[in-house]
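These notes concern the structure reproduced below.
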Amino acid sequence: MRKAQIEILGLMIIVILLIFGLILYFKFAAKSSSSDDLLQTAEKNLEVSNLLSAVRLSTVCDKTSFDDVVKACNDGTFACEKEGCTLLRTELSSRMDAYGINSSRYMFFVGEEMFSFKCEGEHIVESYNMKGKTVKLVFCY
Amino acid sequence: MSVLSSTKAQLQMIEILMVVAVFVVILLVGLVFYFKFAAQSIHSAGENVCEVSNTVLLTALLSNPEMQCSSSGHEERCLDTMRLLFVKNLQTTATCRQKVSVVQVLPADNRTCTTVTYPDCGVYPLVNANLTFSSSYILSTPVGLYFPLTDTYTLGKLVIEVEA
């Protein structure tokens, strides 16, 4: 082999090593980020699902639960001696505040009517049906 | 002529040795990086396993019959605060060390719950309450808390503090 040929061979080995290194780097980087995303999404889904269940059960006054207040609002009646929808707004806000969730991170719907501010970003939705209407908690992150 | 040829051969030998040395250095640097990434990947996989197992634990604890509230045999998605006082030998994950507790958030109360302080308290320690970690992260999920004495429900959080 001529000297020039040997030098080209050496250069090729270095280039192959560099490509091999880059492949390994991207392999490790891509693997860790995709599994983290999946886990975070699962955790957020669990949080929103449990949040709606906990809020629905919570007692507002005497034997009246938050769910009863939503029903009163839907029927246009009173709960805890207050107008249903007005009470729903204040009680929802106090419950979300207790979890440190500010008003820009969630939306609460009874049917088409929204009982919170509008939030933007990616959404996780948890809902249930009540007398033909969908009660929906939308969590933005 | 033979002296000249000997010097040229020596130069070629030195050149080959230098190329081999550079190749070995590049190979070593490559190996160091490879093992560094491999070690990082194993460490992160370990943390991931720990986080996944604790997320599963969060869900499992919510449906643990030792703590879950029930009405007329029908199980509800909440924890009975009175049962929380008497929880013993709760099964946790063996992959990492963790502290488990239930914290009342509405109204918030920092007092630890015992049979003496209940119900005027807000923190129910369940597992390894006395452990302290130099570095840790917290996994939590909202949960309804049931008070059988008053038949009322309030809001709480199931909290798992995991050693990092």
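Labels for the structure tokens follow display order: chains A, B, ..., residues from 1 in each chain, ligands from 1.
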Please extract the residues of chain B with a backbone DSSP assignment of strand (DSSP E or B) and present them as number ranges by chain. B: 68-71, 74-80, 98-106, 108, 112, 123-127, 136-147, 152-163
Mind dumping the selected residues with N, CA and C atoms as a compact mmCIF listing (two decimals), in the first residue's frame?
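After the write, selection.txt holds the following:
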```
# COMPACT_ATOMS: atom_id res chain seq x y z
N GLN B 68 -59.35 2.38 52.53
CA GLN B 68 -60.43 2.89 51.67
C GLN B 68 -61.74 3.01 52.43
N CYS B 69 -62.51 4.04 52.12
CA CYS B 69 -63.79 4.15 52.81
C CYS B 69 -64.86 3.39 52.07
N SER B 70 -65.83 2.94 52.80
CA SER B 70 -66.92 2.20 52.18
C SER B 70 -68.23 2.51 52.89
N SER B 71 -69.30 2.45 52.13
CA SER B 71 -70.61 2.73 52.70
C SER B 71 -71.54 1.57 52.33
N HIS B 74 -70.29 -0.84 49.93
CA HIS B 74 -69.93 -0.29 48.62
C HIS B 74 -68.68 0.59 48.78
N GLU B 75 -67.62 0.24 48.05
CA GLU B 75 -66.37 0.99 48.20
C GLU B 75 -66.43 2.31 47.45
N GLU B 76 -65.87 3.37 48.07
CA GLU B 76 -65.86 4.69 47.45
C GLU B 76 -64.42 5.12 47.21
N ARG B 77 -64.25 6.10 46.32
CA ARG B 77 -62.89 6.55 46.00
C ARG B 77 -62.45 7.61 47.01
N CYS B 78 -62.24 7.18 48.25
CA CYS B 78 -61.75 8.09 49.28
C CYS B 78 -61.08 7.28 50.38
N LEU B 79 -60.43 7.96 51.31
CA LEU B 79 -59.77 7.27 52.42
C LEU B 79 -60.47 7.60 53.72
N ASP B 80 -60.69 6.59 54.53
CA ASP B 80 -61.35 6.75 55.82
C ASP B 80 -60.30 7.23 56.83
N GLN B 98 -38.82 5.23 50.78
CA GLN B 98 -39.81 6.28 50.68
C GLN B 98 -40.57 6.47 51.99
N LYS B 99 -41.17 7.68 52.11
CA LYS B 99 -42.02 8.03 53.23
C LYS B 99 -43.42 8.22 52.68
N VAL B 100 -44.42 7.65 53.34
CA VAL B 100 -45.79 7.78 52.84
C VAL B 100 -46.65 8.45 53.90
N SER B 101 -47.42 9.44 53.47
CA SER B 101 -48.34 10.09 54.41
C SER B 101 -49.57 10.61 53.66
N VAL B 102 -50.61 10.90 54.42
CA VAL B 102 -51.81 11.53 53.86
C VAL B 102 -51.93 12.89 54.52
N VAL B 103 -52.09 13.93 53.71
CA VAL B 103 -52.13 15.30 54.23
C VAL B 103 -53.46 15.94 53.87
N GLN B 104 -54.11 16.52 54.87
CA GLN B 104 -55.38 17.21 54.62
C GLN B 104 -55.06 18.60 54.05
N VAL B 105 -55.74 18.99 52.97
CA VAL B 105 -55.46 20.31 52.37
C VAL B 105 -56.59 21.33 52.54
N LEU B 106 -57.81 20.83 52.85
CA LEU B 106 -58.93 21.78 53.05
C LEU B 106 -59.75 21.38 54.27
N ALA B 108 -56.24 23.27 55.60
CA ALA B 108 -54.88 22.79 55.81
C ALA B 108 -54.55 22.76 57.30
N THR B 112 -49.76 16.53 63.43
CA THR B 112 -49.72 15.10 63.15
C THR B 112 -50.89 14.40 63.86
N VAL B 123 -52.11 15.70 59.35
CA VAL B 123 -51.08 14.85 58.72
C VAL B 123 -51.16 13.44 59.29
N TYR B 124 -51.43 12.47 58.40
CA TYR B 124 -51.53 11.07 58.83
C TYR B 124 -50.28 10.32 58.34
N PRO B 125 -49.29 10.11 59.19
CA PRO B 125 -48.09 9.38 58.73
C PRO B 125 -48.40 7.90 58.58
N LEU B 126 -48.00 7.31 57.45
CA LEU B 126 -48.33 5.90 57.21
C LEU B 126 -47.10 5.00 57.23
N VAL B 127 -46.06 5.40 56.49
CA VAL B 127 -44.86 4.56 56.40
C VAL B 127 -43.60 5.41 56.60
N SER B 136 -34.54 14.41 47.92
CA SER B 136 -35.73 13.60 47.65
C SER B 136 -36.64 14.32 46.66
N TYR B 137 -37.59 13.58 46.11
CA TYR B 137 -38.63 14.20 45.29
C TYR B 137 -39.98 13.67 45.75
N ILE B 138 -41.03 14.44 45.45
CA ILE B 138 -42.35 14.10 45.99
C ILE B 138 -43.33 13.72 44.88
N LEU B 139 -44.02 12.62 45.08
CA LEU B 139 -45.13 12.22 44.20
C LEU B 139 -46.40 12.34 45.03
N SER B 140 -47.42 12.96 44.48
CA SER B 140 -48.65 13.07 45.25
C SER B 140 -49.86 13.02 44.35
N THR B 141 -50.98 12.69 44.94
CA THR B 141 -52.23 12.67 44.17
C THR B 141 -53.38 13.10 45.08
N PRO B 142 -54.35 13.86 44.54
CA PRO B 142 -55.48 14.29 45.36
C PRO B 142 -56.32 13.10 45.82
N VAL B 143 -56.89 13.23 46.99
CA VAL B 143 -57.73 12.15 47.51
C VAL B 143 -58.82 12.75 48.42
N GLY B 144 -60.00 12.13 48.40
CA GLY B 144 -61.05 12.56 49.31
C GLY B 144 -60.83 11.91 50.67
N LEU B 145 -61.06 12.69 51.74
CA LEU B 145 -60.90 12.14 53.10
C LEU B 145 -62.26 12.09 53.78
N TYR B 146 -62.57 10.93 54.33
CA TYR B 146 -63.88 10.74 54.97
C TYR B 146 -63.73 10.75 56.49
N PHE B 147 -64.60 11.54 57.15
CA PHE B 147 -64.61 11.59 58.62
C PHE B 147 -65.87 10.90 59.12
N THR B 152 -68.67 13.45 57.07
CA THR B 152 -68.35 14.48 56.08
C THR B 152 -67.09 14.08 55.30
N TYR B 153 -66.93 14.72 54.15
CA TYR B 153 -65.77 14.47 53.29
C TYR B 153 -65.00 15.78 53.10
N THR B 154 -63.68 15.70 53.11
CA THR B 154 -62.89 16.87 52.78
C THR B 154 -61.78 16.48 51.81
N LEU B 155 -60.91 17.44 51.51
CA LEU B 155 -59.87 17.17 50.50
C LEU B 155 -58.52 16.91 51.14
N GLY B 156 -57.79 15.99 50.55
CA GLY B 156 -56.45 15.67 51.04
C GLY B 156 -55.55 15.25 49.89
N LYS B 157 -54.33 14.92 50.26
CA LYS B 157 -53.35 14.45 49.26
C LYS B 157 -52.64 13.22 49.81
N LEU B 158 -52.47 12.23 48.97
CA LEU B 158 -51.63 11.09 49.35
C LEU B 158 -50.23 11.43 48.86
N VAL B 159 -49.28 11.49 49.79
CA VAL B 159 -47.95 11.98 49.45
C VAL B 159 -46.90 10.88 49.64
N ILE B 160 -46.07 10.66 48.62
CA ILE B 160 -44.95 9.73 48.75
C ILE B 160 -43.67 10.52 48.52
N GLU B 161 -42.82 10.60 49.54
CA GLU B 161 -41.52 11.28 49.39
C GLU B 161 -40.48 10.20 49.13
N VAL B 162 -39.82 10.29 47.99
CA VAL B 162 -38.88 9.24 47.58
C VAL B 162 -37.45 9.76 47.65
N GLU B 163 -36.56 8.94 48.21
CA GLU B 163 -35.15 9.33 48.29
C GLU B 163 -34.56 9.36 46.87
```
Per-residue nearest contacts chain A to chain B, cut-off 9 Å, using only C-alpha atoms, as JSON lines:
```
{"residue": "A:Gly10", "atom": "CA", "partner": "B:Val19", "partner_atom": "CA", "distance": 8.1}
{"residue": "A:Ile13", "atom": "CA", "partner": "B:Phe23", "partner_atom": "CA", "distance": 8.7}
{"residue": "A:Ile14", "atom": "CA", "partner": "B:Phe23", "partner_atom": "CA", "distance": 7.9}
{"residue": "A:Leu17", "atom": "CA", "partner": "B:Gly30", "partner_atom": "CA", "distance": 7.8}
{"residue": "A:Leu18", "atom": "CA", "partner": "B:Gly30", "partner_atom": "CA", "distance": 8.5}
{"residue": "A:Gly21", "atom": "CA", "partner": "B:Gly30", "partner_atom": "CA", "distance": 6.8}
{"residue": "A:Leu24", "atom": "CA", "partner": "B:Tyr34", "partner_atom": "CA", "distance": 7.5}
{"residue": "A:Tyr25", "atom": "CA", "partner": "B:Phe37", "partner_atom": "CA", "distance": 7.6}
{"residue": "A:Phe28", "atom": "CA", "partner": "B:Ser41", "partner_atom": "CA", "distance": 6.9}
{"residue": "A:Ala29", "atom": "CA", "partner": "B:Ser41", "partner_atom": "CA", "distance": 9.0}
{"residue": "A:Lys31", "atom": "CA", "partner": "B:Ser41", "partner_atom": "CA", "distance": 8.8}
{"residue": "A:Ser32", "atom": "CA", "partner": "B:Ser44", "partner_atom": "CA", "distance": 7.6}
{"residue": "A:Ser35", "atom": "CA", "partner": "B:Asn48", "partner_atom": "CA", "distance": 8.3}
{"residue": "A:Asp36", "atom": "CA", "partner": "B:Asn48", "partner_atom": "CA", "distance": 7.7}
{"residue": "A:Leu39", "atom": "CA", "partner": "B:Val52", "partner_atom": "CA", "distance": 7.2}
{"residue": "A:Ala42", "atom": "CA", "partner": "B:Thr55", "partner_atom": "CA", "distance": 8.7}
{"residue": "A:Glu43", "atom": "CA", "partner": "B:Thr55", "partner_atom": "CA", "distance": 7.0}
{"residue": "A:Leu46", "atom": "CA", "partner": "B:Thr141", "partner_atom": "CA", "distance": 7.4}
{"residue": "A:Glu47", "atom": "CA", "partner": "B:Thr141", "partner_atom": "CA", "distance": 5.3}
{"residue": "A:Val48", "atom": "CA", "partner": "B:Pro142", "partner_atom": "CA", "distance": 8.3}
{"residue": "A:Ser49", "atom": "CA", "partner": "B:Pro142", "partner_atom": "CA", "distance": 8.8}
{"residue": "A:Asn50", "atom": "CA", "partner": "B:Pro142", "partner_atom": "CA", "distance": 5.5}
{"residue": "A:Leu51", "atom": "CA", "partner": "B:Pro142", "partner_atom": "CA", "distance": 5.1}
{"residue": "A:Leu52", "atom": "CA", "partner": "B:Pro142", "partner_atom": "CA", "distance": 8.7}
{"residue": "A:Ser53", "atom": "CA", "partner": "B:Arg77", "partner_atom": "CA", "distance": 6.8}
{"residue": "A:Ala54", "atom": "CA", "partner": "B:Gly144", "partner_atom": "CA", "distance": 4.2}
{"residue": "A:Val55", "atom": "CA", "partner": "B:Leu155", "partner_atom": "CA", "distance": 7.0}
{"residue": "A:Arg56", "atom": "CA", "partner": "B:Gly144", "partner_atom": "CA", "distance": 8.7}
{"residue": "A:Leu57", "atom": "CA", "partner": "B:Tyr153", "partner_atom": "CA", "distance": 6.3}
{"residue": "A:Ser58", "atom": "CA", "partner": "B:Tyr153", "partner_atom": "CA", "distance": 4.6}
{"residue": "A:Thr59", "atom": "CA", "partner": "B:Tyr153", "partner_atom": "CA", "distance": 5.1}
{"residue": "A:Val60", "atom": "CA", "partner": "B:Tyr153", "partner_atom": "CA", "distance": 8.7}
{"residue": "A:Cys61", "atom": "CA", "partner": "B:Thr152", "partner_atom": "CA", "distance": 8.9}
{"residue": "A:Asp62", "atom": "CA", "partner": "B:Thr152", "partner_atom": "CA", "distance": 7.8}
{"residue": "A:Lys63", "atom": "CA", "partner": "B:Thr152", "partner_atom": "CA", "distance": 7.3}
{"residue": "A:Ser65", "atom": "CA", "partner": "B:Tyr153", "partner_atom": "CA", "distance": 8.1}
{"residue": "A:Ser94", "atom": "CA", "partner": "B:Leu106", "partner_atom": "CA", "distance": 8.7}
{"residue": "A:Arg95", "atom": "CA", "partner": "B:Leu106", "partner_atom": "CA", "distance": 7.4}
{"residue": "A:Ala98", "atom": "CA", "partner": "B:Val105", "partner_atom": "CA", "distance": 5.8}
{"residue": "A:Tyr99", "atom": "CA", "partner": "B:Val105", "partner_atom": "CA", "distance": 6.8}
```
Using DSSP on the backbone, list every residue of chain A that comes out as alpha helix (DSSP H), and give them as a PyMOL selection string. chain A and resi 3-57+66-75+84-98
